[in-house]
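Take a look at the structure set out below.
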Amino acid sequence: MLVDVPTIRPHKLAMAVMHCQVLCLVKITCSDGVVGWGEGTTIGGLAYGPESPESIKVNIDSYLAPLLIGQSADPFAASARMAAHIAGNNFARCAVETALFDAQGKRQGVPVSDLLGTRVRDAVPVLWVLASGDTAADIAEAEDMIARRRHNVFKLKIGRRELAEDVAHVARIKRALGDAISIRVDVNMAWDRHTAMRGIAMLADVGCDLVEQPLVNHDVAGMAELKAQGKIAIMADESLTGPVSAQAFIDADAADVFAVKIEQSAGLIAAGRVGAMADAAGTALYGGTMLESAIGSIAAAQLFCTFPNLQWGTELFAPLLLTQEILTTPLTYRDFALEVPQAPGLGITPDEVAIARLARGAPTRTITHG
Ligand SMILES: O=C(O)C[C@H]1C=CC(=O)O1
Ligand SMILES: [Mn+2]
C-alpha cells in the first residue's frame, strides 16, 4: 500500500524538496498465519533513483508477489528467487525480503538481528539531517536536538546552491555548534570533479568531517582521486547498489566510508554482505537511510546492530521527520541513539488503523506458501 505522510518541515536536498514522504508498505500473510511487514520508500518520486513509490508497488503486485506465492517463505530462499528472476528493482525486493524476515523472526521467536548475524549492540547512534534551507533555522534546530539529547552529530544537505554559499552555510553552523559537534555534508552527486576538488578543500578549512557522494554515482575514479587527497573522509552512497559496486569501490580504493543502505543494496542479506566486504577491506561503515518510516528504519537497525564496526554511526532519524506515527508504540530514541528492539521479528507493531487512514486506498495482496 502507498501511504502519504507529511514531513514536519520542508526537507531540502540537492535533487528534491520534500514536503511529504510516500511510503510503500508491504504486509505479507504466510500460509501458517504469520504476518510480516516491510517497506520500500524512496525520496522525491523518481528524483533520487530509478524506482518510485508507485513503481515499487506495481512491480511487487505484478511480478514479485506472483513469483513468491506458493513458494517457501524462508527469506533467504525468497531473496535468492527474487535475485534470479527480477532484474534491478532493489527497493521493491528489499521491501518484500524485509517482510519475510519479520515473519521468520516471529516464527522462530527471535529478533531479525539473530537471523542476520550476531547482535553486538542494542542501540545504534543516530545523527540528524539539517535541511530546512535556512541557516539560522538549522542552528536553532540543532541546538534543540543537542539540549534534548536526541542528536549530537549533524549532516547538512548541500549542492543546491553556489559553492561559496554552501560553504558559508556549513561554516556558520559549525561555528555556532562548536568543536565537540561533528558536522558532515551530503552533496548527493551535485558536483563535477573540479568543483569537488575546490569544495572539499574549502570544507576542510571550516571543520567539516566528511563529504558524502560529491560526484555522480558512476565516477569511481573521481571518488578515488578525492580520497587520495586525504583532506576529509569521503563517503560513497548512491554509488553503492550491492556487493558488485562495493567490490569496484574497494578495488579502486575510492571511499573512506561506505553508507550501507538496505534498499539500495536490494535487501538485508545483500546489505550485510556490503558491510562485511567493507570491514574486511578496512573501509569504515555508516548506516544509511532512504528516509524510511519506522518499519524500514528498524529493519536497517536490526542489521546495523550486527556490524562489528559502525565507525560513523547511522542516520536512521526519518521516523522523527514524519508527522504521523504508524506504530502502536513509537520507536525509542534516547541518548543520541535508536534502541533496537529485542522482540521477535522486527520487534515493532504497525498501527493498522493509522496506516489505513493514511493509505491511498489500494488493496493489499496476500502471499501464501505451501
Ligand atoms: O543520504 C541520502 O542521500 C538520502 C537521505 C539520507 C538522509 C537524508 O536526509 O536524505
Ligand atoms: Mn546520501
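Naming scheme: A, B, ... for chains in displayed order of the C-alpha cells; residues 1 onward per chain; ligands 1 onward as shown.
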Can I get the residues of region 188-293 of chain A within 9 Å of region 160-172 of chain A, each with the closest pair of atoms and their distance in Å to one decimal, using only C-alpha atoms, sorted chain first then ascending number, as a Markdown table?
| residue | atom | partner | partner_atom | distance |
| --- | --- | --- | --- | --- |
| A:Ala190 | CA | A:Arg160 | CA | 7.5 |
| A:Thr195 | CA | A:Leu163 | CA | 7.7 |
| A:Arg198 | CA | A:Leu163 | CA | 8.8 |
| A:Gly199 | CA | A:Leu163 | CA | 6.7 |
| A:Met202 | CA | A:Val167 | CA | 6.9 |
| A:Leu203 | CA | A:Val167 | CA | 6.3 |
| A:Asp205 | CA | A:Ala171 | CA | 8.9 |
| A:Val206 | CA | A:Ala171 | CA | 5.3 |
| A:Gly207 | CA | A:Ala171 | CA | 7.6 |
| A:Cys208 | CA | A:Val170 | CA | 7.6 |
Create the file for the chosen residues now, containing N, CA, C and O atoms and written as a CSV table (one decimal), in the first residue's frame.
chain,number,residue,atom,x,y,z
A,190,ALA,N,25.9,16.3,-6.7
A,190,ALA,CA,25.7,17.6,-7.4
A,190,ALA,C,27.0,18.2,-8.0
A,190,ALA,O,26.8,19.2,-8.8
A,195,THR,N,34.7,21.2,-9.2
A,195,THR,CA,34.0,21.8,-8.0
A,195,THR,C,34.3,21.0,-6.7
A,195,THR,O,34.5,21.6,-5.7
A,198,ARG,N,37.8,21.8,-5.3
A,198,ARG,CA,37.7,23.1,-4.6
A,198,ARG,C,36.9,23.0,-3.3
A,198,ARG,O,37.2,23.5,-2.2
A,199,GLY,N,35.7,22.4,-3.5
A,199,GLY,CA,34.7,22.4,-2.4
A,199,GLY,C,35.3,21.6,-1.2
A,199,GLY,O,35.1,22.1,0.0
A,202,MET,N,37.8,23.7,0.7
A,202,MET,CA,37.1,24.8,1.5
A,202,MET,C,36.4,24.2,2.7
A,202,MET,O,36.4,24.8,3.8
A,203,LEU,N,35.8,23.0,2.6
A,203,LEU,CA,35.1,22.4,3.7
A,203,LEU,C,36.0,21.9,4.8
A,203,LEU,O,35.7,22.0,6.0
A,205,ASP,N,38.7,23.4,5.6
A,205,ASP,CA,39.1,24.6,6.3
A,205,ASP,C,38.1,25.1,7.3
A,205,ASP,O,38.5,25.7,8.3
A,206,VAL,N,36.8,24.7,7.1
A,206,VAL,CA,35.8,25.2,8.1
A,206,VAL,C,35.4,24.1,9.1
A,206,VAL,O,34.5,24.3,9.9
A,207,GLY,N,36.1,23.0,9.1
A,207,GLY,CA,36.0,22.0,10.1
A,207,GLY,C,34.9,20.9,9.9
A,207,GLY,O,34.5,20.2,10.8
A,208,CYS,N,34.6,20.7,8.6
A,208,CYS,CA,33.7,19.7,8.2
A,208,CYS,C,34.4,18.3,8.2
A,208,CYS,O,35.5,18.2,7.8
Near-Ala176 (chain A) list (12 Å; only C-alpha atoms; drop same-chain fewer than 5 positions) as a list in words: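 Contacts, with the query itself left out: Thr135, Ala136, Ala137, Asp138, Ile139, Ala140, Glu141, Ala142, Glu143, His169, Val170, Ala171, Ile181, Ser182, Ile183, Val206 and Gly207 of chain A.
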Skip Ala99 (chain A) itself and residues of its chain fewer than 5 positions away, then list as a PDB file with all heavy atoms, in the first residue's frame all residues within 9 Å of it, counting only C-alpha atoms.
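Produced file selection.pdb, reproduced below:
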ATOM      1  N   VAL A  26       4.588  -3.018   2.794  1.00  0.00           N
ATOM      2  CA  VAL A  26       4.252  -4.374   2.349  1.00  0.00           C
ATOM      3  C   VAL A  26       3.842  -5.194   3.562  1.00  0.00           C
ATOM      4  O   VAL A  26       4.548  -5.200   4.573  1.00  0.00           O
ATOM      5  CB  VAL A  26       5.490  -5.032   1.684  1.00  0.00           C
ATOM      6  CG1 VAL A  26       5.216  -6.493   1.356  1.00  0.00           C
ATOM      7  CG2 VAL A  26       5.891  -4.273   0.433  1.00  0.00           C
ATOM      8  N   LYS A  27       2.689  -5.854   3.451  1.00  0.00           N
ATOM      9  CA  LYS A  27       2.254  -6.775   4.507  1.00  0.00           C
ATOM     10  C   LYS A  27       2.084  -8.148   3.870  1.00  0.00           C
ATOM     11  O   LYS A  27       1.320  -8.301   2.922  1.00  0.00           O
ATOM     12  CB  LYS A  27       0.923  -6.289   5.098  1.00  0.00           C
ATOM     13  CG  LYS A  27       0.360  -7.204   6.168  1.00  0.00           C
ATOM     14  CD  LYS A  27      -1.024  -6.700   6.614  1.00  0.00           C
ATOM     15  CE  LYS A  27      -1.633  -7.645   7.631  1.00  0.00           C
ATOM     16  NZ  LYS A  27      -3.040  -7.259   7.920  1.00  0.00           N
ATOM     17  N   ILE A  28       2.818  -9.130   4.374  1.00  0.00           N
ATOM     18  CA  ILE A  28       2.724 -10.485   3.837  1.00  0.00           C
ATOM     19  C   ILE A  28       2.114 -11.388   4.904  1.00  0.00           C
ATOM     20  O   ILE A  28       2.596 -11.428   6.037  1.00  0.00           O
ATOM     21  CB  ILE A  28       4.110 -11.026   3.419  1.00  0.00           C
ATOM     22  CG1 ILE A  28       4.712 -10.158   2.306  1.00  0.00           C
ATOM     23  CG2 ILE A  28       4.001 -12.487   2.982  1.00  0.00           C
ATOM     24  CD1 ILE A  28       6.084 -10.604   1.824  1.00  0.00           C
ATOM     25  N   VAL A  35       2.420 -13.064  10.038  1.00  0.00           N
ATOM     26  CA  VAL A  35       2.386 -11.836   9.230  1.00  0.00           C
ATOM     27  C   VAL A  35       3.728 -11.114   9.337  1.00  0.00           C
ATOM     28  O   VAL A  35       4.318 -11.045  10.419  1.00  0.00           O
ATOM     29  CB  VAL A  35       1.257 -10.904   9.733  1.00  0.00           C
ATOM     30  CG1 VAL A  35       1.316  -9.531   9.065  1.00  0.00           C
ATOM     31  CG2 VAL A  35      -0.098 -11.554   9.492  1.00  0.00           C
ATOM     32  N   GLY A  36       4.224 -10.588   8.213  1.00  0.00           N
ATOM     33  CA  GLY A  36       5.453  -9.792   8.230  1.00  0.00           C
ATOM     34  C   GLY A  36       5.249  -8.475   7.499  1.00  0.00           C
ATOM     35  O   GLY A  36       4.439  -8.390   6.573  1.00  0.00           O
ATOM     36  N   TRP A  37       5.973  -7.455   7.957  1.00  0.00           N
ATOM     37  CA  TRP A  37       5.880  -6.123   7.340  1.00  0.00           C
ATOM     38  C   TRP A  37       7.236  -5.694   6.766  1.00  0.00           C
ATOM     39  O   TRP A  37       8.289  -5.981   7.350  1.00  0.00           O
ATOM     40  CB  TRP A  37       5.465  -5.078   8.385  1.00  0.00           C
ATOM     41  CG  TRP A  37       4.011  -5.149   8.760  1.00  0.00           C
ATOM     42  CD1 TRP A  37       3.449  -6.011   9.652  1.00  0.00           C
ATOM     43  CD2 TRP A  37       2.952  -4.336   8.253  1.00  0.00           C
ATOM     44  NE1 TRP A  37       2.093  -5.783   9.735  1.00  0.00           N
ATOM     45  CE2 TRP A  37       1.757  -4.758   8.894  1.00  0.00           C
ATOM     46  CE3 TRP A  37       2.877  -3.287   7.320  1.00  0.00           C
ATOM     47  CZ2 TRP A  37       0.521  -4.167   8.632  1.00  0.00           C
ATOM     48  CZ3 TRP A  37       1.637  -2.699   7.071  1.00  0.00           C
ATOM     49  CH2 TRP A  37       0.478  -3.143   7.713  1.00  0.00           C
ATOM     50  N   GLY A  38       7.184  -5.006   5.637  1.00  0.00           N
ATOM     51  CA  GLY A  38       8.396  -4.447   5.035  1.00  0.00           C
ATOM     52  C   GLY A  38       8.083  -3.097   4.420  1.00  0.00           C
ATOM     53  O   GLY A  38       6.921  -2.668   4.379  1.00  0.00           O
ATOM     54  N   GLU A  39       9.111  -2.422   3.936  1.00  0.00           N
ATOM     55  CA  GLU A  39       8.921  -1.070   3.402  1.00  0.00           C
ATOM     56  C   GLU A  39       9.849  -0.818   2.218  1.00  0.00           C
ATOM     57  O   GLU A  39      11.033  -1.153   2.261  1.00  0.00           O
ATOM     58  CB  GLU A  39       9.207  -0.050   4.513  1.00  0.00           C
ATOM     59  CG  GLU A  39       9.120   1.394   4.035  1.00  0.00           C
ATOM     60  CD  GLU A  39       9.218   2.413   5.170  1.00  0.00           C
ATOM     61  OE1 GLU A  39       9.290   2.019   6.345  1.00  0.00           O
ATOM     62  OE2 GLU A  39       9.224   3.616   4.838  1.00  0.00           O
ATOM     63  N   PRO A  75      13.203 -16.262   4.168  1.00  0.00           N
ATOM     64  CA  PRO A  75      13.682 -15.047   3.491  1.00  0.00           C
ATOM     65  C   PRO A  75      14.930 -15.283   2.640  1.00  0.00           C
ATOM     66  O   PRO A  75      15.102 -14.619   1.607  1.00  0.00           O
ATOM     67  CB  PRO A  75      13.978 -14.079   4.640  1.00  0.00           C
ATOM     68  CG  PRO A  75      14.002 -14.908   5.877  1.00  0.00           C
ATOM     69  CD  PRO A  75      13.162 -16.112   5.635  1.00  0.00           C
ATOM     70  N   CYS A  94      13.857  -5.380  -1.539  1.00  0.00           N
ATOM     71  CA  CYS A  94      14.153  -5.170  -0.124  1.00  0.00           C
ATOM     72  C   CYS A  94      12.864  -5.165   0.707  1.00  0.00           C
ATOM     73  O   CYS A  94      12.811  -5.757   1.793  1.00  0.00           O
ATOM     74  CB  CYS A  94      14.896  -3.853   0.080  1.00  0.00           C
ATOM     75  SG  CYS A  94      15.247  -3.491   1.817  1.00  0.00           S
ATOM     76  N   GLN A 104       9.723 -14.453   9.590  1.00  0.00           N
ATOM     77  CA  GLN A 104      10.585 -15.570  10.005  1.00  0.00           C
ATOM     78  C   GLN A 104      11.053 -15.397  11.456  1.00  0.00           C
ATOM     79  O   GLN A 104      11.110 -16.362  12.216  1.00  0.00           O
ATOM     80  CB  GLN A 104      11.800 -15.658   9.059  1.00  0.00           C
ATOM     81  CG  GLN A 104      12.693 -16.868   9.281  1.00  0.00           C
ATOM     82  CD  GLN A 104      12.095 -18.157   8.726  1.00  0.00           C
ATOM     83  OE1 GLN A 104      10.893 -18.227   8.407  1.00  0.00           O
ATOM     84  NE2 GLN A 104      12.905 -19.181   8.619  1.00  0.00           N
ATOM     85  N   LEU A 346      10.876  -7.869  13.473  1.00  0.00           N
ATOM     86  CA  LEU A 346      11.411  -6.500  13.535  1.00  0.00           C
ATOM     87  C   LEU A 346      11.245  -5.925  14.940  1.00  0.00           C
ATOM     88  O   LEU A 346      11.885  -4.925  15.288  1.00  0.00           O
ATOM     89  CB  LEU A 346      10.702  -5.601  12.513  1.00  0.00           C
ATOM     90  CG  LEU A 346      10.952  -5.932  11.030  1.00  0.00           C
ATOM     91  CD1 LEU A 346      10.101  -5.026  10.127  1.00  0.00           C
ATOM     92  CD2 LEU A 346      12.429  -5.819  10.668  1.00  0.00           C
TER      93      LEU A 346
END
Can you pull out every residue with an atom within 6 Å of ligand 1? Use only C-alpha atoms and all ligand atoms and format it as a ChimeraX atom specification. /A:129,188,289-291
Would you write out those residues with N, CA and C atoms, as an mmCIF file, in the first residue's frame?
data_model
loop_
_atom_site.group_PDB
_atom_site.id
_atom_site.type_symbol
_atom_site.label_atom_id
_atom_site.label_comp_id
_atom_site.auth_asym_id
_atom_site.auth_seq_id
_atom_site.Cartn_x
_atom_site.Cartn_y
_atom_site.Cartn_z
ATOM 1 N N VAL A 129 19.594 15.221 10.207
ATOM 2 C CA VAL A 129 19.919 15.927 8.974
ATOM 3 C C VAL A 129 19.284 17.314 8.988
ATOM 4 N N ASN A 188 24.944 14.698 -2.597
ATOM 5 C CA ASN A 188 24.018 13.976 -3.478
ATOM 6 C C ASN A 188 24.376 14.131 -4.962
ATOM 7 N N THR A 289 20.091 5.746 5.138
ATOM 8 C CA THR A 289 18.625 5.670 5.073
ATOM 9 C C THR A 289 18.125 6.207 3.741
ATOM 10 N N MET A 290 16.950 5.751 3.341
ATOM 11 C CA MET A 290 16.217 6.392 2.241
ATOM 12 C C MET A 290 15.038 7.169 2.829
ATOM 13 N N LEU A 291 15.195 7.591 4.061
ATOM 14 C CA LEU A 291 14.137 8.283 4.796
ATOM 15 C C LEU A 291 12.891 7.407 4.921
#
Please list as a count of residues only every residue within 10 Å of Leu67 (chain A), counting only C-alpha atoms and excluding residues in the same chain fewer than 2 positions away. 15
Can you work out which residues are within 9 Å of ligand 2, considering only C-alpha atoms and all ligand atoms, and then hand them over as an MDAnalysis selection string? chainID A and resid 157 185:189 212:213 235:238 259 288:290
Which one is closest to Ile200 (chain A): A:Gln108, A:Gln229, A:Asn217, A:Thr349? Count only C-alpha atoms.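 For Ile200 (chain A), the nearest of the given residues is A:Gln229.
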